[in-house]
There are 2 protein chains.
Amino acid sequence: MYLYLIRHGIAEDVASTMPAENEVSHQSEIDRDELRSLTKVGRKKIAQVADRLTKLDMTFDLIVTSPLVRAHQTAEILIDKQLSSQLEVSADLKPIGNLPAWLMWWQARTIDRPISTLAIVGHEPNFSQWAELFVFGKVVDRFMLKKGGIIGLKFADDRLAIGTAQLMCLMPPKYLGDGKN
Amino acid sequence: MYLYLIRHGIAEDVASTMPAENEVSHQSEIDRDELRSLTKVGRKKIAQVADRLTKLDMTFDLIVTSPLVRAHQTAEILIDKQLSSQLEVSADLKPIGNLPAWLMWWQARTIDRPISTLAIVGHEPNFSQWAELFVFGKVVDRFMLKKGGIIGLKFADDRLAIGTAQLMCLMPPKYLGDGKN
């Protein structure tokens, strides 16, 4: 089984979705963070990455995304570019999510419905740490995953087991885009 | 300091450089292996990778290559594409080389001549294992480095110390080429 961990693209600052100073708001900082959208540049770069993957004939059986706006918008661009026809949302892919919880969800999701190539769209520092857990069985904080970057893992069978993956690729978006930073 | 480990391109089979059956030869298998050249496809793919790196404005202060023909030819293509103006050969980058020996050579080489971006051209399984040593301090055999693939490491200072690097990228050549496998 192949798993691609894709970090969302460049998003607005938290500040731009914050209420004005004299405005009363019961939104917590976490709620506001969840509403941040991709910037115009962020959308463009994700579209370039998606175009490159399309050119390489890559497709995913399924894309699962964090429900946060910036992640969902990133996943939608991948769907628009026909990298997959299936999009699902998993709350365990939120920035506060953890790998064991998501794996439990995934296990339930895939009973009798095996998936051989999965892409998940989410956040840092989760995704680089999850990749390290899949590869080494522990977090070492050594993988650098930029916004719009992709980590590709290969598992021996159709089970996403911790400490069993091979690292196929870790790609900063600039290598997949148009050659501009 | 940045270190890029680049695996040589696709090379001829050992067989194609072997003496005919009725020919007397004192060449060992290792000697014959050292003479293997890049194939036409191998040259083309390395040139595509080099073109992509050039487009990304990448340059190396120095390229150090294994003396084996397929590695040296790979390094020459990178030089031809102006990714560096300096090429050196290190016998410690041979397939039988080991990281501590090469690091000793490198330390001597760089006394009073610091290098901030270095590319080394060599072989598997050495290079993926060396990258793992730089990142984790031990070999786990989990990094997949294809022919023409690149691993990019970032060190905290200008010293190549084992167990201290961050993994910036691990790129199979197909993502850097023309989109064909």
# chains A, B, ... in the order shown; residues from 1 in each chain; ligands from 1

$ interface_residues --of "chain A" --to "chain B" --cutoff "10 Å" --atoms "only C-alpha atoms" --output "ChimeraX atom specification"
/A:52-57,135-136,140-146,149-154,163-172,174-181

$ residues_around --residues "B:Ile79" --least-positions-apart "2" --cutoff "12 Å" --atoms "only C-alpha atoms" --output "PyMOL selection string"
chain B and resi 46-47+50-51+53-54+59-65+72-77+81-88+119+121

$ atom_distance --atom1 "atom CA of A:Lys147" --atom2 "atom CA of B:Ala161"
27.6 Å

$ residues_around --residues "B:Pro125" --least-positions-apart "3" --cutoff "8 Å" --atoms "only C-alpha atoms" --output "VMD selection string"
chain B and resid 95 128 to 129

$ select_by_dssp --residues "stretch 66-173 of chain B" --states "alpha helix (DSSP H)" --output "ChimeraX atom specification"
/B:69-80,99-110,126-136

$ write_last_selection --atoms "N, CA, C and O atoms" --output "tab-separated table (two decimals), in the first residue's frame"
chain	number	residue	atom	x	y	z
B	69	VAL	N	33.15	4.78	-13.46
B	69	VAL	CA	32.79	5.45	-14.72
B	69	VAL	C	31.35	5.98	-14.69
B	69	VAL	O	31.09	7.13	-15.05
B	70	ARG	N	30.38	5.16	-14.25
B	70	ARG	CA	28.98	5.59	-14.29
B	70	ARG	C	28.71	6.78	-13.37
B	70	ARG	O	27.84	7.61	-13.65
B	71	ALA	N	29.44	6.86	-12.26
B	71	ALA	CA	29.28	8.00	-11.35
B	71	ALA	C	29.96	9.24	-11.94
B	71	ALA	O	29.39	10.33	-11.96
B	72	HIS	N	31.18	9.05	-12.44
B	72	HIS	CA	31.94	10.18	-13.00
B	72	HIS	C	31.19	10.78	-14.18
B	72	HIS	O	31.10	12.01	-14.33
B	73	GLN	N	30.61	9.92	-15.01
B	73	GLN	CA	29.83	10.42	-16.16
B	73	GLN	C	28.60	11.20	-15.69
B	73	GLN	O	28.23	12.21	-16.27
B	74	THR	N	27.97	10.72	-14.62
B	74	THR	CA	26.82	11.43	-14.04
B	74	THR	C	27.25	12.82	-13.57
B	74	THR	O	26.60	13.83	-13.86
B	75	ALA	N	28.37	12.86	-12.85
B	75	ALA	CA	28.89	14.14	-12.34
B	75	ALA	C	29.26	15.08	-13.49
B	75	ALA	O	29.00	16.29	-13.42
B	76	GLU	N	29.81	14.53	-14.56
B	76	GLU	CA	30.19	15.37	-15.71
B	76	GLU	C	28.97	16.03	-16.34
B	76	GLU	O	29.04	17.18	-16.78
B	77	ILE	N	27.86	15.31	-16.37
B	77	ILE	CA	26.64	15.91	-16.93
B	77	ILE	C	26.19	17.08	-16.05
B	77	ILE	O	25.82	18.14	-16.55
B	78	LEU	N	26.29	16.92	-14.73
B	78	LEU	CA	25.91	18.01	-13.82
B	78	LEU	C	26.82	19.22	-14.03
B	78	LEU	O	26.37	20.37	-13.99
B	79	ILE	N	28.10	18.95	-14.28
B	79	ILE	CA	29.07	20.03	-14.53
B	79	ILE	C	28.75	20.70	-15.87
B	79	ILE	O	28.73	21.93	-15.98
B	80	ASP	N	28.48	19.88	-16.89
B	80	ASP	CA	28.13	20.43	-18.22
B	80	ASP	C	26.92	21.36	-18.13
B	80	ASP	O	26.81	22.32	-18.87
B	99	LEU	N	31.33	5.59	5.31
B	99	LEU	CA	31.12	6.99	5.67
B	99	LEU	C	32.25	7.55	6.55
B	99	LEU	O	32.76	8.64	6.26
B	100	PRO	N	32.69	6.84	7.59
B	100	PRO	CA	33.76	7.43	8.41
B	100	PRO	C	35.02	7.74	7.60
B	100	PRO	O	35.64	8.79	7.78
B	101	ALA	N	35.38	6.85	6.68
B	101	ALA	CA	36.57	7.08	5.85
B	101	ALA	C	36.37	8.32	4.99
B	101	ALA	O	37.26	9.17	4.87
B	102	TRP	N	35.20	8.44	4.38
B	102	TRP	CA	34.95	9.60	3.53
B	102	TRP	C	34.93	10.88	4.35
B	102	TRP	O	35.44	11.92	3.92
B	103	LEU	N	34.36	10.81	5.55
B	103	LEU	CA	34.31	12.01	6.40
B	103	LEU	C	35.71	12.47	6.80
B	103	LEU	O	35.96	13.67	6.89
B	104	MET	N	36.61	11.52	7.01
B	104	MET	CA	38.01	11.87	7.31
B	104	MET	C	38.60	12.62	6.12
B	104	MET	O	39.28	13.64	6.27
B	105	TRP	N	38.37	12.07	4.93
B	105	TRP	CA	38.87	12.70	3.70
B	105	TRP	C	38.29	14.10	3.58
B	105	TRP	O	38.99	15.07	3.29
B	106	TRP	N	36.99	14.20	3.83
B	106	TRP	CA	36.30	15.48	3.68
B	106	TRP	C	36.82	16.53	4.66
B	106	TRP	O	37.01	17.69	4.32
B	107	GLN	N	37.07	16.09	5.88
B	107	GLN	CA	37.57	16.99	6.92
B	107	GLN	C	38.92	17.57	6.50
B	107	GLN	O	39.16	18.78	6.60
B	108	ALA	N	39.78	16.69	5.99
B	108	ALA	CA	41.10	17.14	5.53
B	108	ALA	C	40.94	18.08	4.32
B	108	ALA	O	41.62	19.11	4.22
B	109	ARG	N	40.01	17.73	3.44
B	109	ARG	CA	39.79	18.52	2.22
B	109	ARG	C	39.32	19.93	2.51
B	109	ARG	O	39.63	20.87	1.77
B	110	THR	N	38.56	20.09	3.61
B	110	THR	CA	37.91	21.38	3.84
B	110	THR	C	38.57	22.24	4.91
B	110	THR	O	38.05	23.28	5.29
B	126	ASN	N	25.13	2.41	-0.39
B	126	ASN	CA	25.84	3.39	0.45
B	126	ASN	C	25.04	4.65	0.75
B	126	ASN	O	24.88	5.03	1.91
B	127	PHE	N	24.56	5.30	-0.34
B	127	PHE	CA	24.08	6.67	-0.15
B	127	PHE	C	22.81	6.75	0.70
B	127	PHE	O	22.69	7.65	1.54
B	128	SER	N	21.87	5.83	0.50
B	128	SER	CA	20.67	5.91	1.34
B	128	SER	C	21.07	5.60	2.80
B	128	SER	O	20.53	6.20	3.73
B	129	GLN	N	22.03	4.70	2.97
B	129	GLN	CA	22.47	4.38	4.34
B	129	GLN	C	23.25	5.55	4.96
B	129	GLN	O	23.10	5.84	6.15
B	130	TRP	N	24.07	6.19	4.16
B	130	TRP	CA	24.80	7.37	4.67
B	130	TRP	C	23.81	8.46	5.09
B	130	TRP	O	23.98	9.11	6.11
B	131	ALA	N	22.79	8.66	4.26
B	131	ALA	CA	21.78	9.67	4.59
B	131	ALA	C	21.10	9.31	5.92
B	131	ALA	O	20.89	10.16	6.78
B	132	GLU	N	20.79	8.04	6.09
B	132	GLU	CA	20.17	7.60	7.35
B	132	GLU	C	21.13	7.83	8.53
B	132	GLU	O	20.71	8.25	9.61
B	133	LEU	N	22.40	7.56	8.33
B	133	LEU	CA	23.38	7.82	9.39
B	133	LEU	C	23.44	9.31	9.73
B	133	LEU	O	23.50	9.68	10.90
B	134	PHE	N	23.43	10.16	8.70
B	134	PHE	CA	23.48	11.60	8.96
B	134	PHE	C	22.23	12.07	9.71
B	134	PHE	O	22.30	12.94	10.56
B	135	VAL	N	21.08	11.47	9.37
B	135	VAL	CA	19.82	11.93	9.96
B	135	VAL	C	19.57	11.28	11.32
B	135	VAL	O	19.27	11.97	12.30
B	136	PHE	N	19.71	9.96	11.39
B	136	PHE	CA	19.29	9.22	12.60
B	136	PHE	C	20.44	8.67	13.42
B	136	PHE	O	20.22	8.18	14.52

$ residues_around --residues "A:Arg36" --least-positions-apart "2" --cutoff "12 Å" --atoms "only C-alpha atoms" --output "number ranges by chain"
A: 8-18, 29-34, 38-39, 42, 67-74

$ atom_distance --atom1 "atom CA of A:Val49" --atom2 "atom CA of A:Leu160"
25.0 Å

$ atom_distance --atom1 "atom CA of B:Asp92" --atom2 "atom CA of B:Met1"
20.4 Å
